[in-house]
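Shown next: model_26.cif, containing mmCIF, C-alpha atoms.
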```
data_input
loop_
_atom_site.label_atom_id
_atom_site.label_comp_id
_atom_site.auth_asym_id
_atom_site.auth_seq_id
_atom_site.Cartn_x
_atom_site.Cartn_y
_atom_site.Cartn_z
CA MET A 1 0.95 15.67 -49.07
CA ASN A 2 -2.50 14.16 -48.57
CA ASN A 3 -3.70 17.42 -47.12
CA ILE A 4 -2.49 19.28 -50.17
CA THR A 5 -4.20 16.80 -52.49
CA GLY A 6 -7.36 16.91 -50.43
CA GLN A 7 -7.33 20.70 -50.45
CA ASN A 8 -6.80 20.68 -54.19
CA THR A 9 -9.75 18.34 -54.73
CA THR A 10 -11.98 20.58 -52.65
CA ASP A 11 -10.74 23.62 -54.55
CA ARG A 12 -11.42 21.92 -57.89
CA ASN A 13 -14.84 20.86 -56.80
CA LEU A 14 -15.75 24.38 -55.70
CA VAL A 15 -14.34 26.00 -58.83
CA ASP A 16 -16.19 23.50 -61.07
CA ARG A 17 -19.45 24.25 -59.32
CA ILE A 18 -18.99 27.99 -59.74
CA LEU A 19 -18.06 27.64 -63.40
CA ARG A 20 -21.20 25.56 -63.93
CA GLY A 21 -23.15 28.58 -62.73
CA GLU A 22 -23.56 27.76 -59.04
CA THR A 23 -22.63 31.20 -57.72
CA ASN A 24 -23.58 30.25 -54.18
CA ALA A 25 -20.51 27.98 -54.10
CA PHE A 26 -18.49 31.18 -54.29
CA GLY A 27 -19.93 32.03 -50.87
CA ILE A 28 -18.13 28.96 -49.49
CA ILE A 29 -14.85 30.20 -50.96
CA ILE A 30 -15.43 33.60 -49.37
CA LYS A 31 -16.12 32.03 -45.98
CA ASN A 32 -13.02 29.82 -46.28
CA THR A 33 -10.66 32.63 -47.21
CA GLU A 34 -12.20 35.62 -45.45
CA ASN A 35 -9.82 35.47 -42.48
CA LEU A 36 -6.74 35.49 -44.68
CA VAL A 37 -8.11 38.37 -46.75
CA ALA A 38 -9.07 40.31 -43.61
CA LYS A 39 -5.60 39.80 -42.20
CA ILE A 40 -3.86 41.12 -45.30
CA ILE A 41 -6.23 44.06 -45.68
CA PHE A 42 -6.08 45.06 -42.00
CA ASP A 43 -2.29 44.92 -42.07
CA MET A 44 -1.93 46.91 -45.26
CA ILE A 45 -4.82 49.36 -45.29
CA ALA A 46 -5.32 51.80 -42.45
CA THR A 47 -8.61 53.39 -43.50
CA GLU A 48 -11.69 51.43 -42.49
CA GLY A 49 -13.86 52.62 -45.38
CA ASP A 50 -11.21 51.58 -47.89
CA ARG A 51 -10.96 48.14 -46.31
CA LYS A 52 -14.60 47.41 -47.07
CA ASP A 53 -14.29 48.43 -50.71
CA ILE A 54 -11.05 46.53 -51.19
CA ALA A 55 -12.44 43.35 -49.61
CA GLN A 56 -15.32 43.36 -52.09
CA ASP A 57 -13.04 44.25 -54.94
CA VAL A 58 -10.77 41.30 -54.14
CA TYR A 59 -13.58 38.77 -54.43
CA LEU A 60 -15.13 40.34 -57.51
CA LYS A 61 -11.73 40.14 -59.20
CA ALA A 62 -11.30 36.54 -58.03
CA TYR A 63 -14.71 35.65 -59.46
CA GLN A 64 -13.89 37.19 -62.82
CA LYS A 65 -10.48 35.52 -62.98
CA LEU A 66 -11.68 32.14 -61.73
CA PRO A 67 -11.97 30.51 -65.19
CA GLY A 68 -8.22 31.20 -65.59
CA PHE A 69 -7.20 29.63 -62.25
CA LYS A 70 -4.77 26.80 -63.03
CA PHE A 71 -4.58 25.11 -59.60
CA GLN A 72 -0.83 25.72 -59.42
CA SER A 73 -1.33 26.87 -55.83
CA LYS A 74 -4.04 26.52 -53.23
CA LEU A 75 -7.12 28.57 -54.04
CA SER A 76 -6.68 30.46 -50.75
CA THR A 77 -3.09 31.38 -51.69
CA TRP A 78 -4.30 32.58 -55.09
CA ILE A 79 -6.98 34.75 -53.48
CA GLY A 80 -4.39 36.01 -50.99
CA GLN A 81 -2.24 37.02 -53.95
CA ILE A 82 -5.14 38.91 -55.55
CA CYS A 83 -5.79 40.58 -52.20
CA TYR A 84 -2.16 41.59 -51.72
CA ASN A 85 -1.92 43.01 -55.24
CA THR A 86 -5.18 44.89 -54.82
CA CYS A 87 -3.83 46.44 -51.61
CA ILE A 88 -0.57 47.36 -53.33
CA ASP A 89 -2.50 49.01 -56.18
CA HIS A 90 -4.52 50.94 -53.64
CA LEU A 91 -1.42 52.11 -51.77
CA ARG A 92 0.21 53.15 -55.04
CA LYS A 93 -2.87 55.11 -56.05
CA LYS A 94 -2.84 56.86 -52.70
CA LYS A 95 0.94 57.23 -52.92
CA LEU A 96 1.40 55.61 -49.54
CA VAL A 97 4.67 54.06 -48.46
CA LEU A 98 4.79 50.28 -48.42
CA ALA A 99 8.08 49.60 -46.69
CA GLU A 100 9.91 52.54 -45.20
CA ASN A 101 12.97 51.91 -43.07
CA ILE A 102 11.92 49.62 -40.28
CA PHE A 103 14.20 51.36 -37.80
CA GLU A 104 12.54 54.73 -38.23
CA THR A 105 9.76 53.67 -35.90
CA GLU A 106 12.02 52.90 -32.97
CA THR A 107 11.84 56.32 -31.32
CA ASP A 108 8.08 56.43 -31.57
CA LEU A 109 7.82 53.13 -29.82
CA SER A 110 10.10 54.15 -26.98
CA ASN A 111 7.86 57.15 -26.40
CA ASP A 112 4.80 54.92 -26.43
CA ILE A 113 6.31 52.66 -23.82
CA LEU A 114 7.20 55.66 -21.68
CA ASP A 115 3.62 56.91 -22.04
CA LEU A 116 2.28 53.57 -20.93
CA MET A 117 4.61 53.53 -17.96
CA ASN A 118 3.63 57.06 -16.94
CA THR A 119 -0.05 56.23 -17.21
CA ALA A 120 0.43 53.19 -15.08
CA GLN A 121 2.35 55.17 -12.49
CA GLY A 122 -0.29 57.85 -12.38
CA ASN A 123 -3.11 55.42 -11.79
CA PHE A 124 -1.72 52.96 -9.33
CA ASP A 125 0.66 52.83 -6.45
CA GLU A 126 2.17 49.53 -7.46
CA PRO A 127 5.74 49.42 -8.71
CA VAL A 128 5.78 50.53 -12.32
CA ASP A 129 7.85 47.60 -13.53
CA THR A 130 5.55 44.93 -12.22
CA LEU A 131 2.44 46.61 -13.48
CA VAL A 132 3.67 47.43 -16.93
CA ILE A 133 5.37 44.12 -17.49
CA GLY A 134 2.48 42.11 -16.15
CA LYS A 135 -0.20 43.84 -18.17
CA ASN A 136 1.29 45.60 -21.10
CA ILE A 137 3.75 43.41 -22.96
CA SER A 138 0.89 42.34 -25.13
CA GLU A 139 -0.18 45.94 -25.65
CA ILE A 140 3.35 47.04 -26.44
CA VAL A 141 3.81 44.25 -28.97
CA LYS A 142 0.49 45.19 -30.53
CA LYS A 143 1.46 48.87 -30.76
CA LYS A 144 4.83 48.01 -32.23
CA ILE A 145 3.32 45.65 -34.79
CA GLU A 146 0.88 48.37 -35.81
CA LYS A 147 3.80 50.70 -36.38
CA LEU A 148 5.68 48.28 -38.58
CA PRO A 149 5.67 49.02 -42.30
CA ALA A 150 2.77 47.32 -44.08
CA ILE A 151 4.88 44.64 -45.71
CA TYR A 152 6.52 43.51 -42.45
CA LYS A 153 3.20 43.53 -40.64
CA THR A 154 1.68 41.38 -43.36
CA LEU A 155 4.56 38.91 -43.34
CA ILE A 156 4.40 38.56 -39.55
CA SER A 157 0.65 37.88 -39.73
CA LEU A 158 0.85 35.43 -42.58
CA TYR A 159 3.67 33.48 -40.98
CA HIS A 160 2.73 33.46 -37.31
CA ASN A 161 -1.06 33.77 -37.40
CA GLU A 162 -2.00 32.09 -40.67
CA GLU A 163 0.96 29.69 -40.36
CA LEU A 164 1.77 29.83 -44.07
CA SER A 165 5.10 28.59 -45.38
CA TYR A 166 7.78 30.91 -46.81
CA ASP A 167 6.86 29.66 -50.30
CA GLU A 168 3.17 30.35 -49.84
CA ILE A 169 3.90 33.83 -48.50
CA GLY A 170 6.25 34.30 -51.45
CA THR A 171 3.45 33.37 -53.86
CA ILE A 172 1.09 35.85 -52.22
CA THR A 173 3.52 38.75 -52.04
CA GLY A 174 5.54 38.02 -55.15
CA LEU A 175 8.74 38.03 -53.07
CA PRO A 176 11.33 35.25 -53.22
CA ALA A 177 11.08 32.86 -50.26
CA GLY A 178 14.57 33.94 -49.11
CA THR A 179 13.50 37.58 -49.00
CA VAL A 180 10.39 36.68 -47.04
CA LYS A 181 12.55 34.86 -44.52
CA SER A 182 15.02 37.72 -44.27
CA TYR A 183 12.24 40.34 -43.82
CA LEU A 184 10.71 38.19 -41.10
CA PHE A 185 14.02 37.99 -39.26
CA ARG A 186 14.37 41.76 -39.43
CA ALA A 187 10.82 42.41 -38.26
CA ARG A 188 11.11 40.03 -35.31
CA ARG A 189 14.52 41.41 -34.37
CA GLU A 190 13.09 44.90 -34.28
CA LEU A 191 10.16 43.79 -32.13
CA LYS A 192 12.52 41.99 -29.75
CA ASN A 193 14.84 45.00 -29.50
CA ASP A 194 11.88 47.13 -28.55
CA LEU A 195 10.92 44.78 -25.79
CA LEU A 196 14.47 44.76 -24.46
CA LEU A 197 14.78 48.50 -24.86
CA ASN A 198 12.78 48.97 -21.72
CA TYR A 199 12.93 45.70 -19.90
CA LYS A 200 15.73 43.55 -18.71
CA LYS A 201 15.43 40.00 -19.94
CA GLU A 202 14.74 38.67 -16.46
CA ASP A 203 11.88 41.15 -16.03
CA LEU A 204 10.01 39.56 -18.89
CA TRP A 205 9.27 36.38 -16.95
CA MET B 1 29.89 22.33 -29.33
CA VAL B 2 30.14 25.76 -30.96
CA ARG B 3 32.26 28.05 -28.79
CA LYS B 4 31.06 31.28 -30.38
CA HIS B 5 27.57 32.48 -29.49
CA LEU B 6 24.85 31.95 -32.04
CA SER B 7 23.89 34.72 -34.44
CA ASP B 8 20.53 36.41 -34.00
CA ASP B 9 19.19 34.65 -37.09
CA GLU B 10 20.17 31.28 -35.65
CA VAL B 11 18.52 32.12 -32.34
CA GLN B 12 15.35 33.10 -34.19
CA GLN B 13 15.49 30.00 -36.29
CA TYR B 14 15.53 27.89 -33.14
CA ALA B 15 12.76 29.91 -31.49
CA VAL B 16 10.53 29.61 -34.56
CA ASP B 17 11.19 26.01 -35.53
CA LYS B 18 13.00 24.05 -32.85
CA LEU B 19 12.55 20.70 -34.58
CA GLY B 20 13.64 21.84 -38.01
CA CYS B 21 16.75 23.48 -36.64
CA GLU B 22 20.32 22.31 -37.24
CA LYS B 23 21.63 19.93 -34.61
CA ARG B 24 24.61 22.16 -33.73
CA ILE B 25 22.27 25.07 -32.95
CA ALA B 26 20.12 22.90 -30.72
CA GLU B 27 23.20 21.57 -28.92
CA HIS B 28 24.60 25.04 -28.38
CA ILE B 29 21.34 26.34 -26.96
CA HIS B 30 21.14 23.37 -24.64
CA LEU B 31 24.53 24.28 -23.17
CA CYS B 32 24.64 28.08 -23.45
CA GLU B 33 22.52 29.98 -21.00
CA GLU B 34 22.95 33.33 -22.75
CA CYS B 35 21.69 32.08 -26.09
CA ARG B 36 18.91 30.17 -24.35
CA SER B 37 17.68 33.37 -22.72
CA LYS B 38 17.68 35.06 -26.16
CA VAL B 39 15.57 32.21 -27.47
CA GLU B 40 13.16 32.66 -24.59
CA VAL B 41 12.68 36.34 -25.41
CA TYR B 42 11.84 35.42 -29.00
CA GLN B 43 9.50 32.69 -27.88
CA LEU B 44 7.69 35.16 -25.64
CA LEU B 45 7.45 37.58 -28.52
CA ILE B 46 6.06 34.92 -30.87
CA THR B 47 3.51 33.86 -28.26
CA GLU B 48 2.42 37.48 -27.94
CA ILE B 49 2.16 37.85 -31.71
CA LYS B 50 -0.02 34.75 -31.93
CA GLN B 51 -2.26 36.05 -29.16
CA GLN B 52 -2.96 39.34 -30.90
CA PRO B 53 -6.68 39.85 -31.68
CA GLN B 54 -7.73 38.48 -35.05
CA ALA B 55 -8.71 40.83 -37.86
CA VAL B 56 -12.42 40.39 -38.58
CA PHE B 57 -14.72 42.32 -40.90
CA ASP B 58 -17.71 43.85 -39.14
CA PHE B 59 -19.96 43.30 -42.17
CA ASP B 60 -21.24 40.26 -44.05
CA LEU B 61 -18.69 40.15 -46.84
CA SER B 62 -20.09 36.99 -48.41
CA LYS B 63 -23.57 38.49 -48.72
CA MET B 64 -22.25 41.77 -50.12
CA VAL B 65 -20.13 40.06 -52.77
CA LEU B 66 -22.76 37.50 -53.81
CA GLN B 67 -25.27 40.31 -54.36
CA GLN B 68 -22.91 41.85 -56.88
CA LEU B 69 -22.21 38.68 -58.85
CA PRO B 70 -24.00 38.17 -62.17
CA SER B 71 -26.99 35.83 -62.02
CA PRO B 72 -26.15 32.16 -62.52
CA LYS B 73 -25.67 31.28 -66.18
CA THR B 74 -27.58 28.42 -67.75
CA SER B 75 -25.54 25.26 -67.65
CA ILE B 76 -24.07 23.81 -70.87
CA ALA B 77 -26.27 20.70 -70.59
CA ASN B 78 -29.38 22.87 -70.56
CA ASP B 79 -28.06 24.84 -73.53
CA ASN B 80 -27.65 21.65 -75.55
CA ALA B 81 -31.12 20.45 -74.61
CA LEU B 82 -32.51 23.78 -75.78
CA ILE B 83 -30.76 23.45 -79.15
CA TRP B 84 -32.17 19.95 -79.65
CA ILE B 85 -35.68 21.00 -78.71
CA PHE B 86 -35.63 23.97 -81.06
CA GLY B 87 -34.09 21.86 -83.81
CA PHE B 88 -36.69 19.16 -83.46
CA MET B 89 -39.54 21.67 -83.42
CA GLY B 90 -38.09 23.37 -86.49
CA LEU B 91 -37.87 20.08 -88.37
CA ALA B 92 -41.40 19.09 -87.42
CA PHE B 93 -42.70 22.46 -88.53
CA LEU B 94 -40.80 22.30 -91.80
CA GLY B 95 -41.93 18.72 -92.50
CA GLY B 96 -45.54 19.66 -91.80
CA ALA B 97 -45.33 22.70 -94.05
CA ILE B 98 -43.84 20.69 -96.91
CA TYR B 99 -46.45 17.95 -96.51
CA LEU B 100 -49.27 20.47 -96.67
CA PHE B 101 -47.69 22.21 -99.63
CA ILE B 102 -47.35 18.98 -101.59
CA SER B 103 -50.77 17.68 -100.67
CA TYR B 104 -52.76 20.77 -101.47
CA PHE B 105 -50.92 22.44 -104.28
CA ASP B 106 -49.30 19.50 -106.09
CA LEU B 107 -46.31 21.76 -106.36
CA PHE B 108 -43.81 18.98 -106.73
CA GLU B 109 -45.90 16.89 -109.13
CA GLY B 110 -43.64 15.38 -111.69
CA ILE B 111 -40.51 15.88 -109.63
CA LYS B 112 -38.74 12.77 -108.49
CA ILE B 113 -38.91 12.08 -104.76
CA ILE B 114 -35.12 12.07 -104.51
CA PHE B 115 -35.00 15.74 -105.56
CA ILE B 116 -37.58 16.63 -102.95
CA TYR B 117 -35.46 14.99 -100.27
CA LEU B 118 -32.42 16.82 -101.56
CA ILE B 119 -34.17 20.20 -101.38
CA VAL B 120 -35.51 19.49 -97.90
CA ILE B 121 -32.16 18.32 -96.53
CA THR B 122 -30.37 21.36 -97.95
CA ALA B 123 -32.98 23.72 -96.54
CA VAL B 124 -32.85 22.07 -93.10
CA THR B 125 -29.04 22.13 -93.02
CA VAL B 126 -28.89 25.81 -93.92
CA LEU B 127 -31.59 26.70 -91.41
CA ALA B 128 -29.90 24.68 -88.66
CA TYR B 129 -26.57 26.36 -89.37
CA LEU B 130 -28.15 29.83 -89.29
CA PHE B 131 -29.99 29.02 -86.10
CA ILE B 132 -26.92 27.71 -84.28
CA ASP B 133 -24.87 30.70 -85.44
CA MET B 134 -27.54 33.08 -84.25
CA TYR B 135 -27.70 31.32 -80.89
CA LYS B 136 -23.92 31.51 -80.44
CA LYS B 137 -23.96 35.23 -81.20
CA TYR B 138 -26.75 35.69 -78.71
CA LYS B 139 -24.77 33.83 -75.99
CA HIS B 140 -21.65 35.85 -76.72
CA GLY B 141 -23.63 39.08 -76.51
CA MET B 142 -25.10 38.06 -73.17
CA LYS B 143 -21.66 37.22 -71.83
CA VAL B 144 -20.35 40.64 -72.78
CA LEU B 145 -23.33 42.36 -71.20
CA ASP B 146 -22.97 40.21 -68.12
CA LEU B 147 -19.22 40.93 -67.80
CA TYR B 148 -18.69 37.21 -67.55
#
```
Would it be possible to restate this file's structure as structure tokens?
Amino acid sequence: MNNITGQNTTDRNLVDRILRGETNAFGIIIKNTENLVAKIIFDMIATEGDRKDIAQDVYLKAYQKLPGFKFQSKLSTWIGQICYNTCIDHLRKKKLVLAENIFETETDLSNDILDLMNTAQGNFDEPVDTLVIGKNISEIVKKKIEKLPAIYKTLISLYHNEELSYDEIGTITGLPAGTVKSYLFRARRELKNDLLLNYKKEDLW
Amino acid sequence: MVRKHLSDDEVQQYAVDKLGCEKRIAEHIHLCEECRSKVEVYQLLITEIKQQPQAVFDFDLSKMVLQQLPSPKTSIANDNALIWIFGFMGLAFLGGAIYLFISYFDLFEGIKIIFIYLIVITAVTVLAYLFIDMYKKYKHGMKVLDLY
């Protein structure tokens, strides 16, 4: 509770300074929220050039809307929301799919894992299992996460990397907290199934 | 103890938030090796997710954005000070002009002093109102031009 109050005071202080004309204070907000914004943009936007434009666009929008910020959430959550909506607008303009069926990617992943295993076998004489399991679980998880639909990828990042609550993620994405939770369960289940698709449980240790 | 194995959601719930989990789930996992091994797979997965490289921009976002922001606007306190300074200067100028007019041209000779005050006060009020209105319009115009 104290953290929330403290955060709110800092947010108010920064917003007041910016509204008084101290634009440099906006730089502090950018530094404080840049990681969150990067995470959302990287998860949702595949093209590097677009990421740069969108990142700038997010903060220019936030600056313009700042006088209307009511402190009903943390400033970082509010900026995350602007970022998410900007990404959605971009995807809509480009007619890209936000959340196709999560299970459609399963076959692709199996092939990726097989590729990895073949590569490992071609390069070394060690037993494939040991090599792949020892070195590539991380790589496989990374590949699978990259193949998740944008929305699932974003939720996984916000929850596990940014450690936001279901409510905060709900505020950012506009989804009910229950839906966020349910999507997260599905995404994790799919990632787990992919791990077990190729490895026995005991091989993972 | 729950005899049936836990659902996948319950296993995940435990793997994600062991402390916030229902007691019956924790008890089951403590006793059931199968469910415990499922939890371990999820915990491994979550560890891997957390260890994924962080997304970082390879450009100075702060610098790029700040360059595009409109220049800092004058603070309200400074605006008020400006109004007072201009007002005071206007009054001084007006008073001086009236003094010179009366002294050199005896324009108001025969008119009671109270009427002179009345004319001066009316003139000053109207001028002040026009000035403030003009200043507000100017500020509004600047805001529109500045997109702020």
Checklist entry - What is the distance, in Å and to one decimal place, between CA of Met142 in chain B and CA of Asn80 in chain B? => result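 Interatomic distance here is 16.8 Å.
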Next on the checklist: Please determine, counting all atoms listed in the file, which residue among B:Glu48, B:Glu10, B:Asp17, B:Glu22 has the shortest atom-to-atom distance to chain A.
Outcome noted: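 Closest candidate: B:Glu48.
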Next on the checklist: Since I can't run it myself right now, could you work out what the PyMOL selection byres ((chain B) within 10 of (chain A)) selects here and report it as a PyMOL selection string?
Outcome noted: chain B and resi 8-10+12-13+16+37-38+40-66+68-77+147-148
With 6 Å added on each side, what axis-aligned box encloses every listed atom of range 32-38 of chain B? Give the centre and edge lengths in Å to one decimal, as AutoDock Vina command-line options.
```
--center_x 21.2 --center_y 31.6 --center_z -23.6 --size_x 19.0 --size_y 19.0 --size_z 17.2
```
Checklist outcome for this item: Atom pair CA of Tyr84 in chain A + CA of Asn13 in chain A, distance 24.8 Å
Checklist outcome for this item: Separating CA of Thr122 in chain B from CA of Gly96 in chain B, to the nearest tenth of an Å, is a gap of 16.5 Å
Checklist entry - Near range 69-72 of chain A, counting all atoms listed in the file, which residues have an atom at most 12 Å away, once you skip same-chain residues fewer than 4 positions from it, shown as an NGL selection string? => result :A and (4-5 or 7-16 or 19 or 61-65 or 76-79 or 82 or 168 or 171)
Checklist outcome for this item: Closest of B:Lys23, B:Cys35, B:Ala128, B:His140 to Phe86 in chain B, counting only C-alpha atoms, is B:Ala128
